[in-house]
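See structure below.
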Amino acid sequence: MYSLIIALILTIFIEFVIIWLFQRKKLMKLLLYSFLVNSITLPLASYTFFYIYPNLIVVEVLVVVIEGVFLRYLLNIKYKMAILLSLVANLSTFMVGVIWGYL
């Protein structure tokens, strides 16, 4: 449980920074969006990976698509940009997770 909370906090912060780099909009609004989106997708992705379908690539692709849809509507941007933003954000958090796992 503790590790999931740490992962959620890190994910929210990292993805918030990535979103902010792409969309220089109101800081608190972007932080709220990052919190909302990741509070939904991280627990669902973790549960899916550990209990339903343990294929990390498939789970991550689904997360990118789902977060892309959320970002498209929350940020009022085109789907292509939303998917790109989601992909960059999730690759960033994935790499931090890989590095964190080796420490």
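Letters A, B, ... go to the chains of the structure tokens in the order shown; residues in each chain start at 1; ligands are counted from 1 in the same order.
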Selection: 6 Å around segment 1-14 of chain A, only C-alpha atoms, excl. self and same-chain fewer than 6 positions, as a list in words: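 So the residues in contact are Ser34, Phe35 and Thr93 of chain A.
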Surrounding residues of Tyr73 of chain A excluding itself and chain neighbours under 6 positions, 12 Å, only C-alpha atoms, as a list of chain:residue names: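 With the cut-off at 12 Å, the set is A:Tyr33, A:Val37, A:Ile66, A:Glu67, A:Tyr79, A:Met81, A:Ala82, A:Ile83.
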Non-local contacts of Ile19 of chain A (9 Å; only C-alpha atoms; under 3 positions in same chain excluded) as a ChimeraX atom specification: /A:14-16,22-24,30-31,34,85-86,89
DSSP-assigned alpha helix (DSSP H) members of chain A, reported as a PyMOL selection string: chain A and resi 2-22+27-47+56-75+79-102
Counting only C-alpha atoms, the residue of A:Leu84, A:Leu56, A:Val98, A:Leu42 that sits nearest Arg72 of chain A: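 Checking each of A:Leu84, A:Leu56, A:Val98, A:Leu42 against Arg72 of chain A, counting only C-alpha atoms, the winner is A:Leu84.
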